[in-house]
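Engineer: Starting off with a structure, shown below.
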Amino acid sequence: MIEKTQKIRKRVPVAAIVIMVVLGLYTVSVFVPLAWGFIVSFKSRTNFTEFPFGFPDKLMFSNYVTAFKHFEYTLDGTTGDVVGIGAMLVNTLLYSLGSSFFSTMSACVVAYVTAKFDFFPSKIIYGIVIVTIALPIVGAAPSELHIVRLLHIYDTHIGMWILKSGFAGLYYLIFYAMFKGIPKDFNDAAAVDGASHYRTFFTIVFPLVLKTFSTVYLLYFIGFWNDYQTPLIYMPSFPTLAMGLYSFTFSTNSAVGSVPIRMAGNFMIFVP
């Protein structure tokens with residue numbers, strides 16, 4: 001009992017309580033609309049009109065069947081070909097997985113070179129990244145589109161991977177800080193054993209930042225999965241699910257005109 005009474009209880013700082021309350025409110029603001037949309041996706045058109053904020057009288061699983069059946073994208077042009085959800089899923093995976101890998105790998109490799117090799121171009125590259133982050137670049141899409149067409153990589157998956165393999169950005173700085181924190185003794189020991197720079201990077205240094213690489217890759221993947229504007233401009237013949245969802249949401253088809261069915265289409269794409 002004496003030992004218990006002699007223990008000093010740590011008080012929770014007021015700032016920590018305020019931060020927890022703010023984060024809690026933010027979490028509620030995110031999940032409440034998400035839960036409402038999920039409930040609405042199982043309602044009928046009449047039930048939603050009468051009780052938009054209540055639980056459904058009957059679970060309308062047919063909303064998802066209707067959304068899946070009419071989830072399609074019509075290509076522009078004279079042919080007017082219709083792309084189904086299966087083809088859009090393949091296009092989305094190719095675009096998201098490939099673009100995420102090349103974006104993450106380019107930032108990782110360039111950050112490693114500039115962090116571990118102390119030569120003048122490294123400082124220039126680091127300065128360029130800082131400037132591009134500080135100064136917003138507006139109006140670059142027309143010039144990028146013109147260059148892509150000249151290189152004959154327009155409307156191709158490989159072209160999108162090349163276009164997304166830039167390193168300038170916040171994730172470059174994250175990798176740069178990670179590589180700066182790794183002792184140089186690892187590189188020196190590998191050099192003594194006869195390892196090349198490539199072997200040192202892939203067998204010694206890269207495993208140390210694998211968790212960071214996976215996290216950045218995941219964040220890139222989420223962004224590319226939800227991106228509809230870039231494929232719409234640079235890859236119009238290979239529509240993604242985001243493009244299909246955009247077309248589905250503003251469709252004039254009476255079969256998908258109700259809010260519950262459109263919500264079902266949204267959550268159907270949200271599942272992955």
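Here's how to read the names in the structure tokens: chain A, B, ... by the order shown, residue numbers from 1 in each chain, ligand numbers from 1 in the order shown.
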Env of Asp155 of chain A: 7 Å cut, atoms = only C-alpha atoms, seq-sep filter 4 positions within chain, self excluded. Answer as a PDB file with N, CA, C and O atoms, in the first residue's frame.

Structural biologist:
```pdb
ATOM      1  N   TYR A 234      -4.542  11.110 -70.914  1.00  0.00           N
ATOM      2  CA  TYR A 234      -3.384  10.460 -71.530  1.00  0.00           C
ATOM      3  C   TYR A 234      -3.656   9.025 -71.978  1.00  0.00           C
ATOM      4  O   TYR A 234      -2.840   8.459 -72.696  1.00  0.00           O
ATOM      5  N   MET A 235      -4.757   8.431 -71.531  1.00  0.00           N
ATOM      6  CA  MET A 235      -4.998   7.025 -71.844  1.00  0.00           C
ATOM      7  C   MET A 235      -6.489   6.795 -72.111  1.00  0.00           C
ATOM      8  O   MET A 235      -7.137   5.988 -71.433  1.00  0.00           O
ATOM      9  N   PRO A 236      -7.073   7.507 -73.073  1.00  0.00           N
ATOM     10  CA  PRO A 236      -8.528   7.436 -73.265  1.00  0.00           C
ATOM     11  C   PRO A 236      -9.034   6.093 -73.771  1.00  0.00           C
ATOM     12  O   PRO A 236     -10.208   5.768 -73.570  1.00  0.00           O
ATOM     13  N   SER A 237      -8.176   5.307 -74.418  1.00  0.00           N
ATOM     14  CA  SER A 237      -8.625   4.015 -74.950  1.00  0.00           C
ATOM     15  C   SER A 237      -8.600   2.907 -73.907  1.00  0.00           C
ATOM     16  O   SER A 237      -9.050   1.792 -74.178  1.00  0.00           O
TER      17      SER A 237
END
```

Engineer: Please provide the set of residues having any atom within 12 Å of Ala87 of chain A, restricted to only C-alpha atoms, with same-chain residues fewer than 5 positions apart removed, written as a CSV table (one decimal) with C-alpha atoms, in the first residue's frame.

Structural biologist:
```csv
chain,number,residue,atom,x,y,z
A,71,PHE,CA,-21.2,-0.1,-64.9
A,72,GLU,CA,-19.7,0.6,-68.3
A,73,TYR,CA,-17.8,3.3,-70.1
A,82,VAL,CA,-18.5,0.1,-74.6
A,92,THR,CA,-6.9,0.1,-63.3
A,93,LEU,CA,-4.5,-2.6,-62.0
A,94,LEU,CA,-2.0,-2.1,-64.7
A,237,SER,CA,-8.6,4.0,-74.9
A,238,PHE,CA,-8.0,2.2,-71.7
A,239,PRO,CA,-10.6,3.5,-69.2
A,240,THR,CA,-10.1,2.8,-65.5
A,241,LEU,CA,-12.6,2.1,-62.8
A,244,GLY,CA,-16.1,4.4,-65.3
```

Engineer: How far is it from atom CA of Thr104 of chain A to atom CA of Tyr217 of chain A, in Å with one decimal?

Structural biologist: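 Here the two named atoms are 5.8 Å from each other.
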
Engineer: Please provide the set of residues having any atom within 12 Å of Lys58 of chain A, restricted to only C-alpha atoms, with same-chain residues fewer than 5 positions apart removed, written as a PyMOL selection string.

Structural biologist: chain A and resi 39-48+63

Engineer: Please report as JSON lines every residue of segment 71-140 of chain A lying within 7 Å of segment 156-180 of chain A, along with the nearest atom pair and their distance in Å (one decimal), using only C-alpha atoms.

Structural biologist:
```
{"residue": "A:Tyr95", "atom": "CA", "partner": "A:His157", "partner_atom": "CA", "distance": 6.4}
{"residue": "A:Gly98", "atom": "CA", "partner": "A:Trp161", "partner_atom": "CA", "distance": 6.1}
{"residue": "A:Ser99", "atom": "CA", "partner": "A:Trp161", "partner_atom": "CA", "distance": 4.8}
{"residue": "A:Phe102", "atom": "CA", "partner": "A:Ser165", "partner_atom": "CA", "distance": 5.0}
{"residue": "A:Ser103", "atom": "CA", "partner": "A:Ser165", "partner_atom": "CA", "distance": 4.4}
{"residue": "A:Ser106", "atom": "CA", "partner": "A:Phe167", "partner_atom": "CA", "distance": 5.4}
{"residue": "A:Ala107", "atom": "CA", "partner": "A:Phe167", "partner_atom": "CA", "distance": 4.2}
{"residue": "A:Cys108", "atom": "CA", "partner": "A:Phe175", "partner_atom": "CA", "distance": 5.8}
{"residue": "A:Val110", "atom": "CA", "partner": "A:Phe167", "partner_atom": "CA", "distance": 7.0}
{"residue": "A:Ala111", "atom": "CA", "partner": "A:Tyr176", "partner_atom": "CA", "distance": 4.8}
{"residue": "A:Tyr112", "atom": "CA", "partner": "A:Phe179", "partner_atom": "CA", "distance": 6.1}
{"residue": "A:Ala115", "atom": "CA", "partner": "A:Lys180", "partner_atom": "CA", "distance": 5.8}
{"residue": "A:Val129", "atom": "CA", "partner": "A:Ala168", "partner_atom": "CA", "distance": 5.0}
{"residue": "A:Ile133", "atom": "CA", "partner": "A:Gly169", "partner_atom": "CA", "distance": 6.3}
```

Engineer: Extract, using only C-alpha atoms, all DNA, RNA and protein residues at most 10 Å from segment 30-36 of chain A, discarding same-chain residues fewer than 6 positions from it, and format them as a list in words.

Structural biologist: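 Residues near the query, excluding close chain neighbours: Gly24, Pro52, Phe53, Gly54, Phe55, Met263 and Phe267 of chain A.
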
Engineer: Give me the residues within 12 Å of segment 250-252 of chain A as a list of chain:residue names, counting only C-alpha atoms and dropping any in the same chain fewer than 2 places off.

Structural biologist: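 The filter keeps A:Ala67, A:His70, A:Phe71, A:Glu72, A:Tyr73, A:Thr74, A:Met243, A:Gly244, A:Leu245, A:Tyr246, A:Ser247, A:Phe248, A:Ser254, A:Ala255, A:Val256, A:Gly257, A:Ser258, A:Val259, A:Ile261, A:Arg262, A:Gly265.
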
Engineer: Neighbours of Ser214 of chain A within 12 Å (only C-alpha atoms; same-chain residues fewer than 4 positions away dropped), as JSON, numbers by chain?

Structural biologist: {"A": [100, 101, 104, 105, 108, 171, 175, 206, 207, 208, 209, 210, 218, 219, 220, 221]}

Engineer: For N, CA, C and O atoms, I'd like the residues from the last selection saved as a compact mmCIF listing (two decimals), in the first residue's frame.

Structural biologist:
```
# COMPACT_ATOMS: atom_id res chain seq x y z
N SER A 100 2.58 3.15 -59.55
CA SER A 100 3.02 3.23 -58.16
C SER A 100 4.44 2.70 -58.01
O SER A 100 5.25 3.29 -57.28
N PHE A 101 4.74 1.61 -58.70
CA PHE A 101 6.09 1.03 -58.58
C PHE A 101 7.15 1.98 -59.14
O PHE A 101 8.15 2.25 -58.49
N THR A 104 7.54 5.17 -56.97
CA THR A 104 8.23 4.92 -55.71
C THR A 104 9.69 4.58 -55.94
O THR A 104 10.58 5.06 -55.23
N MET A 105 9.98 3.74 -56.94
CA MET A 105 11.35 3.32 -57.19
C MET A 105 12.21 4.48 -57.65
O MET A 105 13.38 4.60 -57.25
N CYS A 108 13.06 6.60 -54.68
CA CYS A 108 13.96 5.88 -53.79
C CYS A 108 15.38 5.86 -54.33
O CYS A 108 16.34 6.15 -53.60
N TYR A 171 7.93 12.53 -51.21
CA TYR A 171 8.44 11.20 -50.91
C TYR A 171 9.94 11.10 -51.17
O TYR A 171 10.62 10.29 -50.55
N PHE A 175 12.62 9.57 -48.39
CA PHE A 175 13.69 8.61 -48.66
C PHE A 175 15.06 9.22 -48.41
O PHE A 175 15.97 8.55 -47.90
N PHE A 206 18.57 -1.30 -49.32
CA PHE A 206 17.14 -1.36 -49.66
C PHE A 206 16.31 -2.12 -48.62
O PHE A 206 15.21 -1.68 -48.28
N PRO A 207 16.78 -3.28 -48.11
CA PRO A 207 15.98 -3.95 -47.06
C PRO A 207 15.76 -3.10 -45.81
O PRO A 207 14.77 -3.29 -45.10
N LEU A 208 16.66 -2.15 -45.54
CA LEU A 208 16.50 -1.30 -44.36
C LEU A 208 15.37 -0.29 -44.53
O LEU A 208 14.82 0.19 -43.53
N VAL A 209 15.05 0.05 -45.76
CA VAL A 209 13.98 1.03 -46.01
C VAL A 209 12.77 0.36 -46.68
O VAL A 209 11.94 1.05 -47.28
N LEU A 210 12.68 -0.95 -46.57
CA LEU A 210 11.60 -1.67 -47.25
C LEU A 210 10.23 -1.27 -46.72
O LEU A 210 9.27 -1.15 -47.48
N LEU A 218 2.01 2.14 -51.16
CA LEU A 218 0.58 2.05 -50.85
C LEU A 218 -0.11 3.40 -51.03
O LEU A 218 -1.22 3.47 -51.59
N LEU A 219 0.53 4.47 -50.58
CA LEU A 219 -0.05 5.80 -50.73
C LEU A 219 -0.16 6.20 -52.20
O LEU A 219 -1.17 6.79 -52.62
N TYR A 220 0.86 5.86 -52.97
CA TYR A 220 0.78 6.11 -54.41
C TYR A 220 -0.36 5.30 -55.04
O TYR A 220 -1.10 5.80 -55.90
N PHE A 221 -0.48 4.04 -54.63
CA PHE A 221 -1.50 3.17 -55.21
C PHE A 221 -2.90 3.72 -54.95
O PHE A 221 -3.76 3.70 -55.85
```

Engineer: Would you compute the distance between atom CA of Ala189 of chain A and atom CA of Ser122 of chain A? Give it in Å to one decimal.

Structural biologist: 22.9 Å

Engineer: Take atom CA of Ile85 of chain A and atom CA of Val65 of chain A and report the distance between them in Å, one decimal.

Structural biologist: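 It comes out at 12.5 Å.
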
Engineer: Could you give me, as a count of residues only, each residue of segment 79-172 of chain A that DSSP assigns to alpha helix (DSSP H) when run on this structure's backbone?

Structural biologist: 67
